[in-house]
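Encoded as structure tokens, the structure appears first; notes follow it.
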Amino acid sequence: MRIADLPKYKLLPREEDRVNHIIESHQGDRGMVIPVLQKIQKAVGFIPIDVQKKVAHELGVPEKEVYGVATFYSFFSLIPRGKNNIRVCMGTACFVKGGKIIADRIQKELKIKPGQTTPDRKYSIQVNRCLGACGLAPIIVINDHLYQKVNPDEVMDIIYSHKD
Amino acid sequence: MGLVKKADKITSLKQLQKIKQDVIEQNLLTEHGPRFKITVHLGTCGIASGAEQVKKEVLKNIEDRKHKDIIFSTSGCVGFCALEPMLTVESYFGKPVTYYQLDAEKIEQIFKIHLGQNKIVEELEPITEGSEVNDFYRYQYSRVLRNRGQIDPLNIHHYIARDGYFALAKALSQGDGTQIIEAVTKSGLRGRGGAGFPTGVKWNLCRQAESADGVKYIVCNGDEGDPGAFMDRNLLESDPHSILEGMLIAGLAIGSPKGYIYVRAEYPLAVQTLTAAISQAKQYGLIGKGIMNSDFDFDIQIYEGAGAFVCGEETALLKSIEGKRGMPRPKPPFPSDEGLYGKPTCINNVETLANVSQIILNGPQWFNSLGTETSKGTKIFALAGAVKNVGLVEVPMGMTLRDIVYKIGGGIVGDKAFKAVQMGGPSGGCIPEKFLDIPVDYEKVKQAGSIMGSGGMIVIDEDTCMANLARYFMDFIQDESCGQCVPCRIGTRRMLEILERITKGKGEEEDLEKLEKLGQVIKETSLCGLGKTAPNPVLSSLKYFRNEFEEHISTRKSCERLHIKAKVKKV
């Protein structure tokens with residue numbers, strides 16, 4: 001995606017304060033790009049372009065390098081994730097036990113693709129490459145809650161139980 | 001954590017022995033003192049299955065019944081994922097008993113009957129020595145997993161009580177590190193991350209490499225990205241100090257003052273446990289300056305990965321620690337000459353490092369008394385998929401696949417027909433039934449068309465379409481390719497397109513040949529290990545299950561339609 005095509009999202013003042021605090025505590029620390037982006041991702045759920053520029057400026061690395069990192073790793077999102085971030089595991093064990101069916105069903109119901117967020121920002125989907133709980137396959141993770149041996153017919157009930 | 005006062009740094013083996021003695025005494029069960037010990041097992045799998053709730057129930061029961069003679073503890077995972085959540089009761093009167101798939105009612109029963117009347121609750125069919133469920137453990141050798149279910153990972157005393165840091169003390173007393181390298185080399189330990197490079201040789205290369213300012217690094221590769229493998233997560237969560245001790249010994253052997261542990265951010269519990277373990281080891285002076293009154297300094301830092309499969313590739317991982325995109329580079333120069341920030345760097349996998357302290361303590365002969373000619377010691381496999389007993393399995397190298405799947409794994413769910421074992425993740429391949437009796441070691445697995453990899457073992461039954469599975473792996477690889485080199489970036493995409501056509505019932509006869517040709521070219525011309533191995537799952541499936549691809553092409557049916565047909569046939 002070209003940077004110009006990215007939808008514009010603004011942070012709330014409260015979020016902006018937190019982001020500034022994170023960036024300022026690593027001023028001039030060139031090796032800290034990934035940890036700083038990780039903290040921002042955890043704090044506000046995504047990393048807007050303006051924030052990336054600020055990270056680049058304050059840490060003293062080129063903007064393109066920060067953008068390169070933010071787009072390379074799957075942990076980072078350039079658009080806001082939903083209040084409820086749904087991660088569907090697509091490791092081999094989950095796949096052979098029906099993970100693909102689960103992922104397809106969620107996408108169909110919420111009408112979004114992996115990496116996207118519903119327009120009301122309630123839900124977003126990510127398809128993950130093995131979350132390492134293969135014994136419980138197939139699994140989904142909503143925020144920090146792991147659901148095991150998920151039945152495709154019941155997956156939407158689980159998801160809708162997370163409203164806020 | 002408040003376990004230790006500043007002045008209480010551990011400076012001698014004697015102090016370690018004293019702590020060990022104290023813990024043993026504290027946990028001593030007697031006829032009149034505490035008679036029972038209850039341990040609730042809290043790994044990621046356990047917690048997901050409700051182990052936190054079990055813990056609450058147990059504590060509530062202890063309080064309600066005013067039990068004063070019970071020692072309560074928690075531990076990491078015991079590796080039997082299929083039966084979580086679990087707890088173990090140890091008693092003065094008999095052998096430890098593990099109850100599983102717990103709920104409030106079962107816990108109530110355990111308290112009433114086992115703790116109240118001192119009788120095993122037989123109707124819950126617990127795991128005891130000799131019980132049927134115990135087959136999962138019966139054929140295993142717990143060396144690397146020796147502490148599973150035995151220690152609280154958040155309490156360094158528990159680790160010390162199981163001879164933890166004794167190997168470090170021994171290594172420090174031996175002087176300059178050559179003896180350590182000699183022991184590791186003699187043991188025959190090979191890298192458990194997949195490629196199987198001899199660890200002692202790697203350490204020696206790194207020791208001899210020159211660094212202008214004397215700085216060298218130890219890196220622990222905890223970026224377990226292989227779908228289907230979770231032994232590293234388990235070790236990091238349940239026995240973090242064994243990895244720290246391995247890194248300290250490696251640092252001493254090579255002459256390095258600094259180590260990094262690169263852990264996946266997808267493993268939050270592992271990161272949390274490791275952070276606590278490092279801070280405790282620092283308080284005790286086991287990490288830091290002048291470790292145990294010697295002139296050896298070593299610091300360990302955690303580095304959280306950010307989700308990129310290619311970062312399992314060592315040169316990519318190093319780039320990632322430097323804060324850059326995880327792009328691999330051609331080798332040589334090898335990291336042992338030019339690694340992190342251009343300095344000599346020794347990268348070892350989590351399981352490899354967890355083996356080290358035992359080799360130092362028990363000697364190389366003890367280590368290589370198990371295993372085969374070329375592959376010594378034990379290996380942990382993550383057994384998952386269509387097998388009854390899913391979980392972590394540690395067996396001597398050389399056990400047959402059949403024994404692992406049928407004896408330990410209990411066979412196929414629903415007693416369906418076995419089709420294949422997928423090993424080595426996207427770098428590996430499928431091993432069909434005719435190889436079930438091969439002894440599992442680095443070479444034999446390779447001869448059968450797969451690789452050991454980090455030890456993921458996904459059992460596949462008759463219901464899985466092999467063409468679809470091949471497509472799945474190519475989709476994975478295509479998505480995770482760093483995009484730097486053409487064969488991997490474009491070649492895997494073309495392979496994926498062909499596989500998609502086939503699985504949708506739109507494949508052509510010449511497609512299979514195209515796949516094989518493309519696969520060969522990608523293998524030969526890619527820059528890094530990811531690309532060089534990317535076509536393996538497809539090539540091995542084509543070799544052993546070609547008929548399934550051909551059926552798609554000749555019937556022009558998609559996976560769904562073939563699948564329905566298969567089901568109808570059975571009825």
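Going through the structure tokens in order, the chains are called A, B, and so on, while each chain numbers its residues from 1 and the ligands are numbered from 1 in the order shown.
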
Exercise for review: Tell me, as a PyMOL selection string, which residues lie within 9 Å of Gln280 in chain B, counting only C-alpha atoms; anything in the same chain fewer than 2 positions away does not count.
Suggested key: chain B and resi 1+3-4+154-156+275-278+282-287

List every residue of chain A that has an atom at most 10 Å from any atom of chain B, and for each one report the closest atom pair and its distance in Å to one decimal, counting only C-alpha atoms, with rows sorted by chain and then by increasing residue number, as a Markdown table.
```
| residue | atom | partner | partner_atom | distance |
| --- | --- | --- | --- | --- |
| A:Arg30 | CA | B:Gly323 | CA | 7.8 |
| A:Gly31 | CA | B:Gly323 | CA | 5.2 |
| A:Met32 | CA | B:Gly323 | CA | 6.1 |
| A:Val33 | CA | B:Gly323 | CA | 5.4 |
| A:Ile34 | CA | B:Gly323 | CA | 5.4 |
| A:Pro35 | CA | B:Glu304 | CA | 7.4 |
| A:Val36 | CA | B:Gly323 | CA | 9.8 |
| A:Leu37 | CA | B:Ala306 | CA | 9.4 |
| A:Gln38 | CA | B:Ala306 | CA | 7.5 |
| A:Glu65 | CA | B:Lys324 | CA | 7.3 |
| A:Val66 | CA | B:Lys324 | CA | 8.3 |
| A:Tyr67 | CA | B:Arg325 | CA | 9.8 |
| A:Gly68 | CA | B:Arg325 | CA | 6.6 |
| A:Val69 | CA | B:Arg325 | CA | 5.1 |
| A:Ala70 | CA | B:Arg325 | CA | 8.7 |
| A:Thr71 | CA | B:Arg325 | CA | 9.0 |
| A:Phe72 | CA | B:Arg325 | CA | 6.3 |
| A:Tyr73 | CA | B:Gly307 | CA | 5.2 |
| A:Ser74 | CA | B:Gly307 | CA | 5.0 |
| A:Phe75 | CA | B:Ala306 | CA | 5.1 |
| A:Phe76 | CA | B:Ala306 | CA | 7.4 |
| A:Cys89 | CA | B:Pro227 | CA | 9.5 |
| A:Met90 | CA | B:Pro227 | CA | 8.0 |
| A:Gly91 | CA | B:Pro227 | CA | 4.5 |
| A:Thr92 | CA | B:Pro227 | CA | 5.4 |
| A:Ala93 | CA | B:Gly385 | CA | 4.9 |
| A:Cys94 | CA | B:Gly385 | CA | 7.8 |
| A:Phe95 | CA | B:Tyr472 | CA | 8.2 |
| A:Val96 | CA | B:Thr464 | CA | 6.7 |
| A:Lys97 | CA | B:Gly385 | CA | 7.2 |
| A:Lys100 | CA | B:Tyr472 | CA | 9.6 |
| A:Asn128 | CA | B:Gly307 | CA | 9.0 |
| A:Arg129 | CA | B:Pro227 | CA | 6.5 |
| A:Cys130 | CA | B:Pro227 | CA | 4.8 |
| A:Leu131 | CA | B:Glu266 | CA | 6.4 |
| A:Gly132 | CA | B:Phe230 | CA | 4.9 |
| A:Ala133 | CA | B:Cys45 | CA | 6.1 |
| A:Cys134 | CA | B:Gly228 | CA | 6.0 |
| A:Gly135 | CA | B:Cys81 | CA | 5.1 |
| A:Leu136 | CA | B:Cys81 | CA | 6.9 |
| A:Ala137 | CA | B:Gly385 | CA | 7.8 |
| A:Pro138 | CA | B:Gly385 | CA | 9.7 |
| A:Ile139 | CA | B:Ala48 | CA | 9.8 |
| A:Val141 | CA | B:Ala48 | CA | 9.9 |
| A:Asp144 | CA | B:Pro268 | CA | 9.2 |
| A:His145 | CA | B:Ala48 | CA | 7.7 |
| A:Leu146 | CA | B:Ala48 | CA | 5.6 |
| A:Tyr147 | CA | B:Ala48 | CA | 6.7 |
| A:Gln148 | CA | B:Ala48 | CA | 7.0 |
| A:Lys149 | CA | B:Ser49 | CA | 9.8 |
```

Saved selection, atoms kept: C-alpha atoms, as an mmCIF file, in the first residue's frame:
```
data_model
loop_
_atom_site.group_PDB
_atom_site.id
_atom_site.type_symbol
_atom_site.label_atom_id
_atom_site.label_comp_id
_atom_site.auth_asym_id
_atom_site.auth_seq_id
_atom_site.Cartn_x
_atom_site.Cartn_y
_atom_site.Cartn_z
ATOM 1 C CA ARG A 30 18.836 4.184 17.433
ATOM 2 C CA GLY A 31 18.702 0.504 18.253
ATOM 3 C CA MET A 32 15.328 0.803 19.977
ATOM 4 C CA VAL A 33 13.069 1.175 16.931
ATOM 5 C CA ILE A 34 11.354 -2.201 17.340
ATOM 6 C CA PRO A 35 10.861 -2.022 21.129
ATOM 7 C CA VAL A 36 9.494 1.533 20.819
ATOM 8 C CA LEU A 37 7.063 0.518 18.079
ATOM 9 C CA GLN A 38 6.044 -2.467 20.184
ATOM 10 C CA GLU A 65 13.629 2.671 8.025
ATOM 11 C CA VAL A 66 10.873 3.041 10.606
ATOM 12 C CA TYR A 67 8.231 2.559 7.923
ATOM 13 C CA GLY A 68 10.157 -0.474 6.689
ATOM 14 C CA VAL A 69 10.097 -2.030 10.132
ATOM 15 C CA ALA A 70 6.450 -1.135 10.816
ATOM 16 C CA THR A 71 5.335 -2.847 7.618
ATOM 17 C CA PHE A 72 7.661 -5.864 7.835
ATOM 18 C CA TYR A 73 6.548 -7.407 11.108
ATOM 19 C CA SER A 74 3.051 -8.775 11.562
ATOM 20 C CA PHE A 75 2.823 -7.492 15.137
ATOM 21 C CA PHE A 76 2.456 -3.903 13.904
ATOM 22 C CA CYS A 89 -4.371 -19.406 14.646
ATOM 23 C CA MET A 90 -3.464 -20.985 11.342
ATOM 24 C CA GLY A 91 -0.653 -23.245 12.445
ATOM 25 C CA THR A 92 -0.553 -26.725 10.946
ATOM 26 C CA ALA A 93 -2.299 -28.386 13.875
ATOM 27 C CA CYS A 94 -5.107 -25.805 13.822
ATOM 28 C CA PHE A 95 -5.303 -25.985 10.050
ATOM 29 C CA VAL A 96 -5.781 -29.745 9.900
ATOM 30 C CA LYS A 97 -8.413 -29.473 12.621
ATOM 31 C CA LYS A 100 -9.410 -22.401 7.882
ATOM 32 C CA ASN A 128 -1.643 -15.754 12.965
ATOM 33 C CA ARG A 129 0.995 -18.243 12.034
ATOM 34 C CA CYS A 130 0.970 -20.669 14.945
ATOM 35 C CA LEU A 131 0.466 -19.346 18.444
ATOM 36 C CA GLY A 132 2.147 -22.411 19.916
ATOM 37 C CA ALA A 133 -0.838 -24.009 21.648
ATOM 38 C CA CYS A 134 -1.114 -26.860 19.157
ATOM 39 C CA GLY A 135 -2.420 -29.270 21.767
ATOM 40 C CA LEU A 136 -5.619 -27.257 22.006
ATOM 41 C CA ALA A 137 -6.211 -26.895 18.273
ATOM 42 C CA PRO A 138 -8.075 -25.217 16.739
ATOM 43 C CA ILE A 139 -7.736 -22.054 18.796
ATOM 44 C CA VAL A 141 -7.460 -15.589 20.790
ATOM 45 C CA ASP A 144 -5.713 -11.928 25.662
ATOM 46 C CA HIS A 145 -8.226 -14.675 26.089
ATOM 47 C CA LEU A 146 -7.482 -18.002 24.443
ATOM 48 C CA TYR A 147 -10.350 -20.226 23.305
ATOM 49 C CA GLN A 148 -9.532 -23.842 22.608
ATOM 50 C CA LYS A 149 -11.014 -26.601 20.463
#
```

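One distance worth recording is that between CA of Ala253 in chain B and CA of Asn221 in chain B, which is 18.2 Å.
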
Practice item. Give me every helix (DSSP H, G or I) residue in range 290-473 of chain B, going by DSSP on the backbone, as a PyMOL selection string. Key: chain B and resi 291-293+309-312+314-321+340-342+350-362+364-367+401-408+413-415+425-427+433-435+442-447+466-473

Residue subset to file, keeping C-alpha atoms, as a PDB file, in the first residue's frame:
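Heads up, here's the output in result25.pdb:
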```pdb
ATOM      1  CA  ILE B 291      29.390 -13.953  39.079  1.00  0.00           C
ATOM      2  CA  MET B 292      29.857 -16.212  42.112  1.00  0.00           C
ATOM      3  CA  ASN B 293      32.982 -14.379  43.223  1.00  0.00           C
ATOM      4  CA  PHE B 309       8.886 -16.289  10.466  1.00  0.00           C
ATOM      5  CA  VAL B 310      12.082 -15.452   8.590  1.00  0.00           C
ATOM      6  CA  CYS B 311      13.612 -14.172  11.866  1.00  0.00           C
ATOM      7  CA  GLY B 312      14.187 -17.787  12.848  1.00  0.00           C
ATOM      8  CA  GLU B 314      19.988 -16.564  12.243  1.00  0.00           C
ATOM      9  CA  THR B 315      21.240 -13.689  10.085  1.00  0.00           C
ATOM     10  CA  ALA B 316      17.707 -12.250   9.922  1.00  0.00           C
ATOM     11  CA  LEU B 317      17.300 -12.578  13.671  1.00  0.00           C
ATOM     12  CA  LEU B 318      20.455 -10.556  14.244  1.00  0.00           C
ATOM     13  CA  LYS B 319      19.213  -7.788  11.952  1.00  0.00           C
ATOM     14  CA  SER B 320      16.014  -7.745  13.947  1.00  0.00           C
ATOM     15  CA  ILE B 321      17.867  -7.301  17.256  1.00  0.00           C
ATOM     16  CA  LEU B 340      25.382  -8.966  15.960  1.00  0.00           C
ATOM     17  CA  TYR B 341      26.726  -5.434  15.339  1.00  0.00           C
ATOM     18  CA  GLY B 342      29.523  -7.087  13.372  1.00  0.00           C
ATOM     19  CA  VAL B 350      16.357 -22.744  23.408  1.00  0.00           C
ATOM     20  CA  GLU B 351      16.343 -26.539  23.664  1.00  0.00           C
ATOM     21  CA  THR B 352      20.047 -26.737  22.832  1.00  0.00           C
ATOM     22  CA  LEU B 353      20.887 -24.388  25.689  1.00  0.00           C
ATOM     23  CA  ALA B 354      18.573 -26.254  28.070  1.00  0.00           C
ATOM     24  CA  ASN B 355      20.721 -29.372  27.498  1.00  0.00           C
ATOM     25  CA  VAL B 356      23.982 -27.708  28.484  1.00  0.00           C
ATOM     26  CA  SER B 357      23.840 -27.686  32.276  1.00  0.00           C
ATOM     27  CA  GLN B 358      23.081 -31.428  32.375  1.00  0.00           C
ATOM     28  CA  ILE B 359      26.072 -32.193  30.177  1.00  0.00           C
ATOM     29  CA  ILE B 360      28.369 -30.189  32.436  1.00  0.00           C
ATOM     30  CA  LEU B 361      26.959 -31.765  35.609  1.00  0.00           C
ATOM     31  CA  ASN B 362      26.736 -35.378  34.468  1.00  0.00           C
ATOM     32  CA  PRO B 364      29.468 -36.172  28.113  1.00  0.00           C
ATOM     33  CA  GLN B 365      29.333 -39.967  28.485  1.00  0.00           C
ATOM     34  CA  TRP B 366      26.118 -39.713  30.441  1.00  0.00           C
ATOM     35  CA  PHE B 367      24.656 -37.534  27.687  1.00  0.00           C
ATOM     36  CA  LEU B 401       7.950 -42.938  14.613  1.00  0.00           C
ATOM     37  CA  ARG B 402       5.527 -45.773  15.199  1.00  0.00           C
ATOM     38  CA  ASP B 403       6.390 -45.905  18.892  1.00  0.00           C
ATOM     39  CA  ILE B 404       6.019 -42.154  19.232  1.00  0.00           C
ATOM     40  CA  VAL B 405       2.656 -42.032  17.458  1.00  0.00           C
ATOM     41  CA  TYR B 406       1.126 -45.242  18.783  1.00  0.00           C
ATOM     42  CA  LYS B 407       2.775 -45.987  22.135  1.00  0.00           C
ATOM     43  CA  ILE B 408       3.141 -42.460  23.465  1.00  0.00           C
ATOM     44  CA  VAL B 413      -8.232 -40.038  17.090  1.00  0.00           C
ATOM     45  CA  GLY B 414     -11.405 -41.953  16.228  1.00  0.00           C
ATOM     46  CA  ASP B 415      -9.198 -44.891  15.215  1.00  0.00           C
ATOM     47  CA  GLY B 425       7.224 -27.262   9.609  1.00  0.00           C
ATOM     48  CA  PRO B 426       7.397 -25.398   6.304  1.00  0.00           C
ATOM     49  CA  SER B 427      11.027 -26.462   5.879  1.00  0.00           C
ATOM     50  CA  GLU B 433       3.289 -44.816   6.510  1.00  0.00           C
ATOM     51  CA  LYS B 434       6.035 -46.910   4.945  1.00  0.00           C
ATOM     52  CA  PHE B 435       8.625 -45.049   7.006  1.00  0.00           C
ATOM     53  CA  TYR B 442      18.703 -36.231  11.981  1.00  0.00           C
ATOM     54  CA  GLU B 443      19.887 -38.451   9.127  1.00  0.00           C
ATOM     55  CA  LYS B 444      17.058 -40.984   8.934  1.00  0.00           C
ATOM     56  CA  VAL B 445      14.389 -38.297   8.925  1.00  0.00           C
ATOM     57  CA  LYS B 446      16.215 -36.575   6.102  1.00  0.00           C
ATOM     58  CA  GLN B 447      16.418 -39.797   4.128  1.00  0.00           C
ATOM     59  CA  MET B 466      -2.484 -33.689   0.971  1.00  0.00           C
ATOM     60  CA  ALA B 467      -2.816 -31.287  -1.950  1.00  0.00           C
ATOM     61  CA  ASN B 468      -4.631 -28.879   0.336  1.00  0.00           C
ATOM     62  CA  LEU B 469      -1.949 -29.271   2.999  1.00  0.00           C
ATOM     63  CA  ALA B 470       0.746 -28.558   0.410  1.00  0.00           C
ATOM     64  CA  ARG B 471      -1.189 -25.458  -0.618  1.00  0.00           C
ATOM     65  CA  TYR B 472      -1.420 -24.415   3.025  1.00  0.00           C
ATOM     66  CA  PHE B 473       2.359 -24.559   3.476  1.00  0.00           C
TER      67      PHE B 473
END
```

**Study point:** Residues near Val44 in chain A, cut-off 8 Å, only C-alpha atoms, skip fewer than 3 positions along chain, as a ChimeraX atom specification
**Key:** /A:15,19,40-41,47

What would the file look like if the residues just selected were written as a JSON list (two decimals), in the first residue's frame with N, CA and C atoms?
```
[["chain", "number", "residue", "atom", "x", "y", "z"],
["A", 15, "GLU", "N", -4.11, 9.44, 24.15],
["A", 15, "GLU", "CA", -3.23, 8.46, 23.50],
["A", 15, "GLU", "C", -1.93, 9.13, 23.04],
["A", 19, "VAL", "N", 1.96, 8.10, 23.77],
["A", 19, "VAL", "CA", 2.93, 7.85, 22.70],
["A", 19, "VAL", "C", 4.14, 8.75, 22.86],
["A", 40, "ILE", "N", 4.29, 1.24, 21.51],
["A", 40, "ILE", "CA", 3.22, 2.08, 20.95],
["A", 40, "ILE", "C", 2.06, 1.20, 20.49],
["A", 41, "GLN", "N", 2.41, 0.10, 19.82],
["A", 41, "GLN", "CA", 1.37, -0.83, 19.35],
["A", 41, "GLN", "C", 0.53, -1.32, 20.53],
["A", 47, "ILE", "N", -0.01, 2.07, 14.70],
["A", 47, "ILE", "CA", 1.10, 3.02, 14.60],
["A", 47, "ILE", "C", 0.86, 3.94, 13.40]]
```

Practice item. List every residue of range 329-378 of chain B that DSSP, applied to the backbone of this structure, assigns to strand (DSSP E), and report them as a list in words. Key: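 For range 329-378 of chain B, the strand (DSSP E) set is Thr345, Cys346, Ile347, Asn348, Asn349 and Thr378 of chain B.
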
Take the residues just selected and output them with N, CA, C and O atoms as a JSON list (two decimals), in the first residue's frame.
```json
[["chain", "number", "residue", "atom", "x", "y", "z"],
["B", 345, "THR", "N", 29.33, -13.86, 17.12],
["B", 345, "THR", "CA", 28.09, -14.14, 17.84],
["B", 345, "THR", "C", 27.76, -15.62, 17.76],
["B", 345, "THR", "O", 27.88, -16.24, 16.71],
["B", 346, "CYS", "N", 27.37, -16.16, 18.89],
["B", 346, "CYS", "CA", 27.01, -17.57, 18.94],
["B", 346, "CYS", "C", 25.51, -17.68, 19.14],
["B", 346, "CYS", "O", 24.98, -17.23, 20.16],
["B", 347, "ILE", "N", 24.80, -18.22, 18.16],
["B", 347, "ILE", "CA", 23.35, -18.35, 18.27],
["B", 347, "ILE", "C", 22.97, -19.80, 18.52],
["B", 347, "ILE", "O", 23.35, -20.68, 17.75],
["B", 348, "ASN", "N", 22.26, -20.03, 19.60],
["B", 348, "ASN", "CA", 21.78, -21.38, 19.91],
["B", 348, "ASN", "C", 20.28, -21.35, 20.15],
["B", 348, "ASN", "O", 19.74, -20.37, 20.64],
["B", 349, "ASN", "N", 19.68, -22.46, 19.85],
["B", 349, "ASN", "CA", 18.25, -22.62, 20.08],
["B", 349, "ASN", "C", 17.97, -22.87, 21.58],
["B", 349, "ASN", "O", 18.85, -23.28, 22.32],
["B", 378, "THR", "N", 18.54, -36.84, 23.87],
["B", 378, "THR", "CA", 17.09, -36.91, 23.67],
["B", 378, "THR", "C", 16.64, -35.74, 22.81],
["B", 378, "THR", "O", 17.37, -34.80, 22.61]]
```

With 8 Å as the cut-off and only C-alpha atoms counted, what is the closest atom pair between each nearby residue of range 31-84 of chain A and range 119-123 of chain A? Distances in Å to one decimal, ordered by chain and number, as a tab-separated table.
```
residue	atom	partner	partner_atom	distance
A:Pro80	CA	A:Arg121	CA	7.8
A:Arg81	CA	A:Arg121	CA	7.1
A:Gly82	CA	A:Tyr123	CA	4.3
A:Lys83	CA	A:Lys122	CA	4.9
A:Asn84	CA	A:Tyr123	CA	4.8
```

File of the preceding selection, C-alpha atoms, as a tab-separated table (two decimals), in the first residue's frame:
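File result01.tsv, as written:
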```
chain	number	residue	atom	x	y	z
A	80	PRO	CA	-6.44	0.93	14.32
A	81	ARG	CA	-7.33	-2.52	15.53
A	82	GLY	CA	-10.80	-3.09	16.87
A	83	LYS	CA	-11.67	-2.97	20.55
A	84	ASN	CA	-11.73	-6.73	20.28
```

Practice item. Using only C-alpha atoms, find the one residue out of A:Lys163, A:Lys8, A:His21, A:Lys108 that sits nearest to Lys54 in chain A. Key: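 When distances to Lys54 in chain A are compared using only C-alpha atoms, the smallest one comes from A:His21.
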
Check your understanding: Near Ile3 in chain A, counting only C-alpha atoms, which residues have an atom at most 10 Å away, once you skip same-chain residues fewer than 2 positions from it, shown as a ChimeraX atom specification?
Key -> /A:1,5-7,49,67,78

Review point. Quick one, how far is CA of Ser161 in chain A from CA of Thr118 in chain A?
Key: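 Going from CA of Ser161 in chain A over to CA of Thr118 in chain A covers 16.2 Å.
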
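Atom pair CA of Gly453 in chain B / CA of Arg192 in chain B has a distance of 7.6 Å (rounded to one decimal).
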
**Study point:** Shell of 10 Å around Phe93 in chain B, only C-alpha atoms, local chain residues under 3 positions omitted, as a PyMOL selection string
**Key:** chain B and resi 29-31+35-36+90+96+118-119

Exercise for review: Do a neighbour search on Tyr99 in chain B at 8 Å with only C-alpha atoms, toss out local chain neighbours closer than 4 positions, and write the hits as a ChimeraX atom specification.
Suggested key: /B:86-88,124-127

Exercise for review: Return the single residue from B:Ser12, B:Ser242, B:Gln272, B:Thr199 that is closest to Lys170 in chain B, with distances computed using only C-alpha atoms.
Suggested key: B:Ser12

Practice item. Write out as a ChimeraX atom specification the residues lying within 9 Å of Gly214 in chain B, counting only C-alpha atoms and excluding same-chain residues fewer than 3 positions away. Key: /B:210-211,255-256,343

With N, CA and C atoms retained, could you export that selection as a PDB file, in the first residue's frame?
```
ATOM      1  N   GLU B 210      38.176 -13.619  16.289  1.00  0.00           N
ATOM      2  CA  GLU B 210      38.777 -12.426  16.877  1.00  0.00           C
ATOM      3  C   GLU B 210      37.800 -11.271  16.870  1.00  0.00           C
ATOM      4  N   SER B 211      37.767 -10.552  17.964  1.00  0.00           N
ATOM      5  CA  SER B 211      36.938  -9.369  18.057  1.00  0.00           C
ATOM      6  C   SER B 211      37.840  -8.226  18.492  1.00  0.00           C
ATOM      7  N   GLY B 255      33.798 -16.641  26.087  1.00  0.00           N
ATOM      8  CA  GLY B 255      34.407 -15.379  26.482  1.00  0.00           C
ATOM      9  C   GLY B 255      33.533 -14.216  26.059  1.00  0.00           C
ATOM     10  N   SER B 256      32.242 -14.346  26.330  1.00  0.00           N
ATOM     11  CA  SER B 256      31.301 -13.291  25.952  1.00  0.00           C
ATOM     12  C   SER B 256      30.678 -12.687  27.197  1.00  0.00           C
ATOM     13  N   LYS B 343      30.003  -8.220  15.472  1.00  0.00           N
ATOM     14  CA  LYS B 343      30.885  -8.956  16.405  1.00  0.00           C
ATOM     15  C   LYS B 343      30.634 -10.465  16.323  1.00  0.00           C
TER      16      LYS B 343
END
```
